[in-house]
>>> print(open('entry_30.txt').read())   # compact mmCIF, C-alpha atoms
# COMPACT_ATOMS: atom_id res chain seq x y z
CA MET A 704 -42.91 91.19 -25.74
CA GLN A 705 -42.45 88.23 -23.50
CA GLN A 706 -42.47 84.48 -23.89
CA PRO A 707 -41.60 81.80 -21.34
CA VAL A 708 -38.36 79.89 -21.11
CA VAL A 709 -37.36 76.86 -19.12
CA SER A 710 -34.43 77.68 -16.87
CA CYS A 711 -34.15 74.26 -15.28
CA SER A 712 -32.38 72.64 -18.26
CA MET A 713 -29.05 73.47 -19.77
CA PRO A 714 -28.71 73.87 -23.53
CA ALA A 715 -29.62 70.51 -25.03
CA GLU A 716 -29.12 68.69 -28.27
CA GLU A 717 -32.14 68.47 -30.53
CA ILE A 718 -33.11 64.94 -31.48
CA GLU A 719 -35.90 63.17 -33.32
CA SER A 720 -37.56 66.44 -34.35
CA VAL A 721 -38.55 64.95 -37.73
CA SER A 722 -40.90 62.36 -36.25
CA LEU A 723 -42.59 64.77 -33.85
CA PRO A 724 -45.83 66.71 -34.51
CA VAL A 725 -45.56 70.08 -36.16
CA GLY A 726 -44.21 72.73 -33.76
CA TRP A 727 -42.64 70.26 -31.32
CA LYS A 728 -38.91 69.67 -30.71
CA SER A 729 -37.09 67.33 -28.33
CA TYR A 730 -34.11 68.06 -26.07
CA ILE A 731 -31.98 66.34 -23.43
CA SER A 732 -32.06 67.68 -19.83
CA PRO A 733 -28.91 67.96 -17.64
CA GLU A 734 -29.98 64.72 -15.96
CA GLY A 735 -30.08 62.92 -19.32
CA ARG A 736 -33.88 62.83 -19.59
CA LYS A 737 -35.61 63.63 -22.84
CA TYR A 738 -38.24 66.39 -22.83
CA TYR A 739 -40.32 68.08 -25.51
CA VAL A 740 -40.95 71.78 -26.21
CA ASN A 741 -43.67 73.38 -28.31
CA THR A 742 -41.85 76.13 -30.18
CA SER A 743 -45.02 78.21 -30.49
CA THR A 744 -46.38 78.15 -26.93
CA LYS A 745 -43.20 77.04 -25.12
CA GLU A 746 -45.22 74.30 -23.43
CA THR A 747 -42.75 71.77 -21.98
CA THR A 748 -43.46 68.16 -21.07
CA TRP A 749 -41.71 64.90 -20.27
CA GLU A 750 -44.38 62.98 -22.23
CA ARG A 751 -43.78 62.52 -25.94
CA PRO A 752 -46.55 64.37 -27.83
CA SER A 753 -48.60 62.23 -30.18
CA THR A 754 -49.30 63.15 -33.77
CA SER A 755 -52.84 64.07 -32.72
CA THR A 756 -51.53 66.65 -30.28
CA THR A 757 -52.69 70.14 -31.14
CA SER A 758 -50.85 73.24 -30.14
CA PRO A 759 -52.80 75.04 -27.41
CA LYS A 760 -53.28 78.73 -27.78
CA ALA A 761 -51.06 80.91 -25.73
CA SER A 762 -52.96 82.43 -22.84
CA GLY A 763 -53.15 86.18 -22.39
CA SER A 764 -51.26 85.92 -19.12
CA HIS A 765 -48.08 84.60 -20.82
CA GLN A 766 -47.63 82.38 -17.76
CA HIS A 767 -46.82 78.72 -18.47
CA SER A 768 -46.25 75.52 -16.60
CA VAL A 769 -43.10 73.45 -16.83
CA ASN A 770 -44.04 69.81 -16.65
CA GLY A 771 -41.90 67.54 -14.55
CA ARG A 772 -39.63 70.23 -13.15
CA GLN A 773 -37.42 68.71 -10.46
CA LEU A 774 -36.46 70.60 -7.34
CA HIS A 775 -34.05 68.95 -4.91
CA GLY A 776 -34.61 69.61 -1.21
CA ALA A 777 -31.78 69.84 1.30
CA SER A 778 -32.65 66.37 2.55
CA GLY A 779 -31.88 64.92 -0.86
CA HIS A 780 -35.41 64.07 -1.93
CA VAL A 781 -36.86 65.20 -5.24
CA LEU A 782 -40.07 67.13 -5.69
CA GLU A 783 -41.52 66.37 -9.09
CA HIS A 784 -44.90 67.60 -10.21
CA PRO A 785 -46.52 67.63 -13.65
CA ASP A 786 -47.29 71.35 -13.50
CA VAL A 787 -44.64 73.22 -11.58
CA TYR A 788 -45.24 76.87 -12.24
CA LEU A 789 -42.25 79.04 -13.15
CA ARG A 790 -42.67 82.73 -12.58
CA LYS A 791 -40.05 83.53 -15.17
CA THR A 792 -40.46 84.93 -18.65
CA SER A 793 -38.04 85.81 -21.37
CA LEU A 794 -38.18 88.23 -24.23
CA SER A 795 -38.81 87.77 -27.92
CA ASN A 796 -36.32 88.76 -30.57
CA GLN A 797 -38.17 91.95 -31.30
CA SER A 798 -37.14 94.95 -29.22
CA PRO A 799 -40.03 96.85 -27.59
CA GLY A 800 -38.34 100.03 -28.72
CA SER A 801 -38.93 99.10 -32.36
CA THR A 802 -42.70 98.85 -31.96
CA SER A 803 -45.08 101.73 -32.36
CA PRO A 804 -46.07 103.65 -29.20
CA ALA A 805 -49.72 102.66 -29.59
CA ARG A 806 -48.89 98.98 -30.01
CA ARG A 807 -46.47 99.09 -27.09
CA GLN A 808 -49.08 100.70 -24.84
CA ASN A 809 -51.64 98.05 -25.79
CA LYS A 810 -49.11 95.34 -25.00
CA GLU A 811 -48.29 96.89 -21.63
CA LYS A 812 -51.99 97.17 -20.83
CA GLU A 813 -52.47 93.50 -21.71
CA ILE A 814 -49.60 92.50 -19.42
CA LYS A 815 -50.89 94.65 -16.57
CA GLU A 816 -54.30 92.99 -16.88
CA THR A 817 -52.81 89.50 -16.52
CA LYS A 818 -49.93 90.11 -14.09
CA ILE A 819 -49.38 92.08 -10.94
CA THR A 820 -46.13 92.94 -9.19
CA ILE A 821 -46.26 93.09 -5.39
CA ASN A 822 -43.13 94.05 -3.45
CA CYS A 823 -41.06 93.39 -6.58
CA VAL A 824 -42.43 89.86 -7.08
CA THR A 825 -44.55 89.21 -10.17
CA PHE A 826 -47.72 87.15 -9.78
CA PRO A 827 -50.43 86.20 -12.25
CA VAL A 828 -53.80 87.83 -11.72
CA SER A 829 -55.96 85.11 -10.19
CA MET A 830 -58.53 85.11 -12.98
CA SER A 831 -55.85 84.92 -15.68
CA ALA A 832 -54.07 81.78 -14.45
CA PRO A 833 -56.67 79.14 -13.55
CA GLU A 834 -54.29 76.41 -14.73
CA GLN A 835 -51.76 77.08 -11.97
CA GLN A 836 -51.64 74.06 -9.65
CA LEU A 837 -50.15 73.40 -6.23
CA LEU A 838 -46.72 71.82 -6.17
CA LYS A 839 -47.86 69.25 -3.60
CA PRO A 840 -51.67 69.04 -3.78
CA SER A 841 -53.63 67.95 -0.70
CA GLU A 842 -50.54 68.11 1.54
CA TRP A 843 -50.73 71.71 2.82
CA SER A 844 -47.03 71.92 2.08
CA TYR A 845 -44.93 74.94 3.04
CA CYS A 846 -43.79 75.28 -0.59
CA ASP A 847 -47.33 76.15 -1.74
CA TYR A 848 -48.66 78.74 0.70
CA PHE A 849 -45.94 81.27 1.61
CA TRP A 850 -45.15 83.18 -1.58
CA ALA A 851 -46.75 86.51 -0.70
CA ASP A 852 -45.81 88.98 2.02
CA LYS A 853 -48.08 89.90 4.93
CA ARG A 854 -48.41 92.59 7.58
CA ASP A 855 -47.65 91.88 11.22
CA PRO A 856 -49.74 93.44 14.03
CA GLN A 857 -47.37 96.43 14.09
CA GLY A 858 -47.88 97.04 10.37
CA ALA A 859 -44.43 95.90 9.26
CA THR A 860 -44.04 93.80 6.13
CA VAL A 861 -43.14 90.17 6.80
CA SER A 862 -42.22 87.81 3.97
CA GLY A 863 -43.70 84.34 3.73
CA PHE A 864 -40.26 82.86 4.34
CA GLU A 865 -39.91 84.88 7.55
CA VAL A 866 -43.20 83.36 8.73
CA LEU A 867 -41.71 79.89 8.17
CA LEU A 868 -38.55 80.83 10.07
CA GLN A 869 -40.60 82.22 12.96
CA LYS A 870 -42.41 78.88 13.12
CA GLN A 871 -39.06 77.09 13.47
CA LEU A 872 -37.84 79.45 16.19
CA LYS A 873 -41.15 79.19 18.02
CA GLY A 874 -40.86 75.39 17.89
CA LYS A 875 -37.41 75.65 19.47
CA GLN A 876 -38.86 77.83 22.25
CA MET A 877 -41.74 75.40 22.83
CA GLN A 878 -39.22 72.57 23.11
CA LYS A 879 -37.27 74.55 25.73
CA GLU A 880 -40.42 75.29 27.75
CA MET A 881 -41.41 71.61 27.67
CA ALA A 882 -37.99 70.71 29.09
CA GLU A 883 -38.49 73.30 31.86
CA PHE A 884 -41.91 71.78 32.61
CA ILE A 885 -40.39 68.30 32.94
CA ARG A 886 -37.69 69.75 35.21
CA GLU A 887 -40.41 71.08 37.55
CA ARG A 888 -42.08 67.66 37.47
CA ILE A 889 -38.74 66.07 38.47
CA LYS A 890 -38.38 68.49 41.38
CA ILE A 891 -41.85 67.60 42.61
CA GLU A 892 -41.05 63.88 42.39
CA GLU A 893 -37.78 64.34 44.27
CA GLU A 894 -39.44 66.40 46.99
CA TYR A 895 -42.30 63.92 47.22
CA ALA A 896 -39.87 60.98 47.57
CA LYS A 897 -37.93 62.84 50.24
CA ASN A 898 -41.07 63.52 52.27
CA LEU A 899 -42.32 59.94 51.89
CA SER A 900 -39.01 58.56 53.14
CA LYS A 901 -39.01 60.96 56.07
CA LEU A 902 -42.59 60.08 56.97
CA SER A 903 -41.88 56.34 56.90
CA MET A 904 -39.40 56.78 59.76
CA PHE A 905 -41.80 58.56 62.09
CA PRO A 906 -42.38 56.40 65.26
CA MET A 907 -46.10 57.02 65.24
CA ALA A 908 -48.20 54.05 66.42
CA ALA A 909 -45.04 52.00 66.73
CA GLN A 910 -46.45 50.17 69.75
CA GLU A 911 -49.39 48.71 67.85
CA GLU A 912 -49.45 44.94 68.48
CA GLY A 913 -50.66 41.78 66.86
CA THR A 914 -51.68 41.27 63.27
CA LEU A 915 -52.82 44.89 63.04
CA GLY A 916 -49.43 46.02 64.27
CA GLU A 917 -47.75 43.95 61.56
CA ALA A 918 -50.01 45.51 58.88
CA TRP A 919 -49.29 48.99 60.22
CA ALA A 920 -45.52 48.40 60.19
CA GLN A 921 -45.73 47.16 56.57
CA LEU A 922 -47.71 50.23 55.57
CA LYS A 923 -45.00 52.49 56.98
CA LYS A 924 -42.35 50.45 55.15
CA SER A 925 -44.31 50.76 51.91
CA LEU A 926 -43.82 54.53 52.13
CA ALA A 927 -40.07 54.04 51.99
CA ASP A 928 -40.49 51.66 49.03
CA GLU A 929 -42.75 54.15 47.28
CA ALA A 930 -40.22 56.91 47.89
CA GLU A 931 -37.60 54.78 46.11
CA VAL A 932 -39.97 54.28 43.18
CA HIS A 933 -40.49 58.03 42.79
CA LEU A 934 -36.75 58.69 43.02
CA LYS A 935 -36.17 56.27 40.17
CA PHE A 936 -39.03 57.88 38.22
CA SER A 937 -37.48 61.34 38.61
CA SER A 938 -34.06 60.01 37.57
CA LYS A 939 -35.46 58.37 34.44
CA LEU A 940 -37.42 61.52 33.61
CA GLN A 941 -34.20 63.48 33.68
CA CYS A 942 -32.23 61.04 31.51
CA GLU A 943 -34.91 59.90 29.08
CA VAL A 944 -37.14 62.97 28.66
CA GLU A 945 -35.68 66.23 29.99
CA LYS A 946 -32.13 65.82 28.67
CA PRO A 947 -33.20 64.80 25.12
CA LEU A 948 -35.55 67.78 25.01
CA LEU A 949 -32.70 70.10 25.95
CA THR A 950 -30.12 68.61 23.60
CA PHE A 951 -32.39 68.16 20.55
CA ARG A 952 -31.22 70.82 18.09
CA GLY A 953 -28.49 72.54 20.03
CA ASP A 954 -26.92 75.95 19.64
CA ASN A 955 -26.19 75.46 15.93
CA PHE A 956 -29.89 75.35 15.10
CA LYS A 957 -30.39 79.11 15.32
CA LYS A 958 -27.20 79.64 13.29
CA ASP A 959 -28.58 77.39 10.59
CA MET A 960 -31.84 79.33 10.56
CA LYS A 961 -29.89 82.59 10.17
CA LYS A 962 -28.05 81.12 7.20
CA TYR A 963 -31.35 80.25 5.54
CA ASP A 964 -32.69 83.71 6.34
CA HIS A 965 -29.66 85.52 4.92
CA HIS A 966 -29.60 83.37 1.79
CA ILE A 967 -33.25 83.97 0.89
CA ALA A 968 -33.03 87.63 1.94
CA ASP A 969 -30.03 88.17 -0.36
CA LEU A 970 -31.91 86.68 -3.28
CA ARG A 971 -34.90 88.89 -2.49
CA LYS A 972 -32.68 91.98 -2.30
CA GLN A 973 -31.22 91.09 -5.68
CA LEU A 974 -34.75 90.77 -7.05
CA VAL A 975 -35.65 94.22 -5.68
CA SER A 976 -32.56 95.69 -7.32
CA ARG A 977 -33.32 94.10 -10.66
CA TYR A 978 -36.93 95.21 -10.52
CA ALA A 979 -35.76 98.78 -9.94
CA ALA A 980 -33.54 98.42 -13.01
CA VAL A 981 -36.55 97.22 -15.03
CA GLU A 982 -38.62 100.22 -13.97
CA LYS A 983 -35.74 102.57 -14.78
CA ALA A 984 -35.32 100.99 -18.21
CA ARG A 985 -39.07 101.10 -18.78
CA LYS A 986 -39.11 104.82 -18.04
CA ALA A 987 -36.12 105.40 -20.32
CA LEU A 988 -37.89 103.54 -23.11
CA ALA A 989 -41.05 105.58 -22.59
CA ASP A 990 -39.01 108.79 -22.83
CA ARG A 991 -37.29 107.61 -26.04
CA GLN A 992 -40.60 106.54 -27.54
CA LYS A 993 -42.14 109.88 -26.70
CA ASP A 994 -39.17 111.74 -28.21
CA LEU A 995 -39.41 109.66 -31.38
CA GLU A 996 -43.16 110.24 -31.61
CA VAL A 997 -42.77 114.00 -31.20
CA LYS A 998 -40.04 114.25 -33.83
CA THR A 999 -42.03 112.10 -36.23
CA GLN A 1000 -45.12 114.31 -35.81
CA GLN A 1001 -43.05 117.48 -36.28
CA LEU A 1002 -41.59 116.14 -39.48
CA GLU A 1003 -45.01 115.17 -40.80
CA ILE A 1004 -46.52 118.60 -40.21
CA LYS A 1005 -43.26 120.33 -41.13
CA LEU A 1006 -42.93 122.23 -37.86
CA SER A 1007 -39.28 121.38 -37.61
CA ASN A 1008 -36.27 121.26 -39.85
CA LYS A 1009 -35.33 117.85 -38.51
CA THR A 1010 -34.02 115.60 -41.20
CA GLU A 1011 -34.68 111.91 -41.64
CA GLU A 1012 -31.26 111.29 -40.10
CA ASP A 1013 -32.53 112.83 -36.87
CA ILE A 1014 -35.55 110.51 -37.00
CA LYS A 1015 -33.31 107.49 -37.60
CA LYS A 1016 -31.10 108.53 -34.70
CA ALA A 1017 -34.14 108.82 -32.40
CA ARG A 1018 -35.37 105.46 -33.64
CA ARG A 1019 -32.00 103.87 -32.91
CA LYS A 1020 -32.04 105.29 -29.39
CA SER A 1021 -35.57 103.98 -28.91
CA THR A 1022 -34.53 100.55 -30.12
CA GLN A 1023 -31.49 100.62 -27.82
CA ALA A 1024 -33.72 101.55 -24.90
CA GLY A 1025 -35.96 98.63 -25.79
CA ASP A 1026 -32.96 96.29 -25.88
CA ASP A 1027 -31.90 97.58 -22.46
CA LEU A 1028 -35.39 96.90 -21.13
CA MET A 1029 -35.30 93.39 -22.59
CA ARG A 1030 -31.96 92.73 -20.87
CA CYS A 1031 -33.20 94.10 -17.53
CA VAL A 1032 -36.41 92.05 -17.70
CA ASP A 1033 -34.41 88.94 -18.56
CA LEU A 1034 -32.10 89.50 -15.58
CA TYR A 1035 -35.12 90.12 -13.35
CA ASN A 1036 -36.76 86.89 -14.51
CA GLN A 1037 -33.54 84.96 -13.91
CA GLY A 1038 -33.34 86.41 -10.39
CA GLN A 1039 -36.98 85.62 -9.68
CA SER A 1040 -36.55 82.07 -10.98
CA LYS A 1041 -33.54 81.54 -8.71
CA TRP A 1042 -35.45 82.94 -5.73
CA PHE A 1043 -38.40 80.70 -6.59
CA GLU A 1044 -36.25 77.58 -6.74
CA GLU A 1045 -34.47 78.35 -3.46
CA MET A 1046 -37.78 79.16 -1.78
CA VAL A 1047 -39.17 75.75 -2.74
CA THR A 1048 -36.01 73.89 -1.73
CA THR A 1049 -35.59 75.71 1.59
CA SER A 1050 -39.27 75.65 2.56
CA LEU A 1051 -39.32 71.90 1.98
CA GLU A 1052 -36.29 71.58 4.26
CA LEU A 1053 -38.03 73.63 6.95
CA GLU A 1054 -41.08 71.43 6.50
CA ARG A 1055 -38.91 68.34 7.01
CA LEU A 1056 -37.38 69.86 10.14
CA GLU A 1057 -40.82 70.60 11.59
CA VAL A 1058 -41.99 67.04 10.97
CA GLU A 1059 -38.82 65.80 12.65
CA ARG A 1060 -39.39 68.08 15.66
CA VAL A 1061 -43.00 67.02 16.15
CA GLU A 1062 -42.20 63.32 15.82
CA THR A 1063 -39.23 63.58 18.21
CA ILE A 1064 -41.25 65.35 20.90
CA GLN A 1065 -44.09 62.89 20.37
CA GLN A 1066 -41.71 60.02 21.12
CA LEU A 1067 -40.33 61.76 24.22
CA LEU A 1068 -43.81 62.43 25.60
CA ARG A 1069 -44.71 58.82 24.95
CA GLN A 1070 -41.67 57.85 27.00
CA TYR A 1071 -42.98 60.10 29.78
CA THR A 1072 -46.32 58.29 29.84
CA THR A 1073 -44.55 54.92 29.76
CA LEU A 1074 -42.44 55.85 32.79
CA ARG A 1075 -45.54 57.16 34.53
CA HIS A 1076 -47.38 53.88 33.98
CA GLU A 1077 -44.35 51.97 35.26
CA THR A 1078 -44.34 54.15 38.37
CA ASP A 1079 -47.98 53.33 39.01
CA MET A 1080 -47.21 49.64 38.57
CA PHE A 1081 -44.28 49.74 41.01
CA ASN A 1082 -46.33 51.73 43.50
CA GLN A 1083 -49.03 49.11 43.28
CA SER A 1084 -46.46 46.40 44.00
CA THR A 1085 -45.43 48.20 47.20
CA MET A 1086 -49.02 47.97 48.43
CA GLU A 1087 -49.46 44.27 47.80
CA PRO A 1088 -47.75 43.18 51.09
CA VAL A 1089 -49.86 45.71 52.95
CA ASP A 1090 -53.02 44.32 51.37
CA GLN A 1091 -52.05 40.77 52.29
CA LEU A 1092 -51.37 41.65 55.95
CA LEU A 1093 -54.56 43.64 56.17
CA GLN A 1094 -56.47 40.61 54.98
CA SER A 1095 -54.79 38.61 57.76
CA VAL A 1096 -55.79 41.03 60.52
CA ASP A 1097 -57.80 38.99 63.07
CA PRO A 1098 -59.20 40.74 66.15
CA ALA A 1099 -59.59 37.40 67.95
CA LYS A 1100 -55.98 36.45 67.29
CA ASP A 1101 -54.79 39.87 68.40
CA ARG A 1102 -56.83 39.51 71.59
CA GLU A 1103 -55.35 36.08 72.27
CA LEU A 1104 -51.82 37.31 71.80
CA TRP A 1105 -52.37 40.36 73.92
CA VAL A 1106 -54.09 38.46 76.73
CA LYS A 1107 -51.33 35.89 76.87
CA GLU A 1108 -48.74 38.58 77.16
CA HIS A 1109 -50.50 40.88 79.54
CA LYS A 1110 -52.89 38.65 81.59
CA THR A 1111 -52.94 39.14 85.38
CA GLY A 1112 -54.72 35.97 86.38
CA ASP A 1113 -57.54 33.70 85.29
CA LEU A 1114 -59.13 33.06 88.77
CA ARG A 1115 -62.45 34.83 89.00
CA PRO A 1116 -63.82 36.29 92.28
CA VAL A 1117 -66.28 34.17 94.39
CA ASP A 1118 -68.72 34.97 97.26
CA MET A 1119 -67.35 35.48 100.73
CA ASP A 1120 -68.23 32.90 103.40
CA ILE A 1121 -69.44 33.88 107.00
>>> encode(input="entry_30.txt", output="structure tokens")
Amino acid sequence: MQQPVVSCSMPAEEIESVSLPVGWKSYISPEGRKYYVNTSTKETTWERPSTSTTSPKASGSHQHSVNGRQLHGASGHVLEHPDVYLRKTSLSNQSPGSTSPARRQNKEKEIKETKITINCVTFPVSMSAPEQQLLKPSEWSYCDYFWADKRDPQGATVSGFEVLLQKQLKGKQMQKEMAEFIRERIKIEEEYAKNLSKLSMFPMAAQEEGTLGEAWAQLKKSLADEAEVHLKFSSKLQCEVEKPLLTFRGDNFKKDMKKYDHHIADLRKQLVSRYAAVEKARKALADRQKDLEVKTQQLEIKLSNKTEEDIKKARRKSTQAGDDLMRCVDLYNQGQSKWFEEMVTTSLELERLEVERVETIQQLLRQYTTLRHETDMFNQSTMEPVDQLLQSVDPAKDRELWVKEHKTGDLRPVDMDI
């Protein structure tokens, strides 16, 4: 009932079909590239098939790969993979309503064994599609792992795309909290610098003399110098780390995420609507088939006066119901293909945004550590004069200076004479 089509190319002009192997035809894609289609299996490839190429048997799943399918991300790059899997099928020229009920039931059973529809999205049964490959192997790309829905802790259904959006919003929140953390660090630095400066002006031990007094005075001065270093550190933190964290992806970011959300959600709603139309048409076809079968049996055993015209009328209705089902399935497949393409494109854009976020924050945190190392270096420089004066402290020299300034006399007492 179904056979695959390639929706990524517009109608193309056939060329060079004579020189191709039996069953193969060539076309031109919208981008001007030549591709080849096997008319039996609908296998599609950019590579020209050789004369030794044999037509592979169609798999029971009726799921096929489209080789070289190009999907453009929002950043302008192209994702091209030799086996991009399209979850879209079309219908053969034969209406399901014109087949016998038994044959139709067998066909439906075969399809059910190879495909499964979950929340209105059709997937191949795992065992029936071993040839399906990742779009970006070995990269753990967003476009490969978020096709199915999941349940959140409250039991609500969450789509794979919603999980990706939540990751983006969580990243924005983490960025905000990092900025708040840096703000607290700045406050601590400012308070620390204020206290250091205040402490450096305390008159404690101001009367210390000599070389030790000089070292002590330099130590107190170094506190004021260190306070200035920490003030500059806090100022640079604000300009070079906190502010970029706050301004990276401003208020428009959440609006952009909502646009992505609404766009994908609208496509998913359309898919749900078209799936409902398929199920309705499938039921209508089953009813018409059953009516035709009953009338045919009645005519055969002569339990009814129905004429052959009545049978033909029932058959026409059955065929019409089959045509309606074909149309609904085709519309569903078109909707699913569009949703698939937009999912790949948008998930790759979200992946790019996440890489950009991580790399930006990485650079800002590196700037933090650079400023911190500079602060340590400047603090060390404030201690160098203190170290030099401490090395020059000389108790003997201090004693000499003090004695000269405070001596009361150098004549020593002698014995008294009688």
>>> residues_around(input="entry_30.txt", residues="region 984-987 of chain A", least_positions_apart="3", cutoff="7 Å", atoms="all atoms listed in the file", output="PyMOL selection string")
chain A and resi 980-981+990-991+1024+1027-1028
>>> atom_distance(input="entry_30.txt", atom1="CA of Phe864 (chain A)", atom2="CA of Val828 (chain A)")
21.6 Å
>>> atom_distance(input="entry_30.txt", atom1="CA of Thr747 (chain A)", atom2="CA of Asn1036 (chain A)")
17.9 Å
>>> closest_residue(input="entry_30.txt", among="A:Thr825, A:Gln992, A:Gln869, A:Asn955", to="Trp1042 (chain A)", atoms="only C-alpha atoms")
A:Thr825
>>> atom_distance(input="entry_30.txt", atom1="CA of Tyr1071 (chain A)", atom2="CA of Leu940 (chain A)")
6.9 Å
>>> closest_residue(input="entry_30.txt", among="A:Lys957, A:Val866, A:Gly1112, A:Glu893", to="Ala930 (chain A)", atoms="all atoms listed in the file")
A:Glu893
>>> axis_aligned_box(input="entry_30.txt", around="region 905-909 of chain A", padding_each_side="8 Å", output="JSON")
{"center_x": -45.0, "center_y": 55.3, "center_z": 64.4, "size_x": 22.4, "size_y": 22.6, "size_z": 20.6}
>>> residues_around(input="entry_30.txt", residues="Glu1057 (chain A)", least_positions_apart="2", cutoff="10 Å", atoms="only C-alpha atoms", output="list in words")
Leu867, Lys870, Gln871, Gly874, Lys875, Leu1051, Glu1052, Leu1053, Glu1054, Arg1055, Glu1059, Arg1060, Val1061, Glu1062 and Thr1063 of chain A
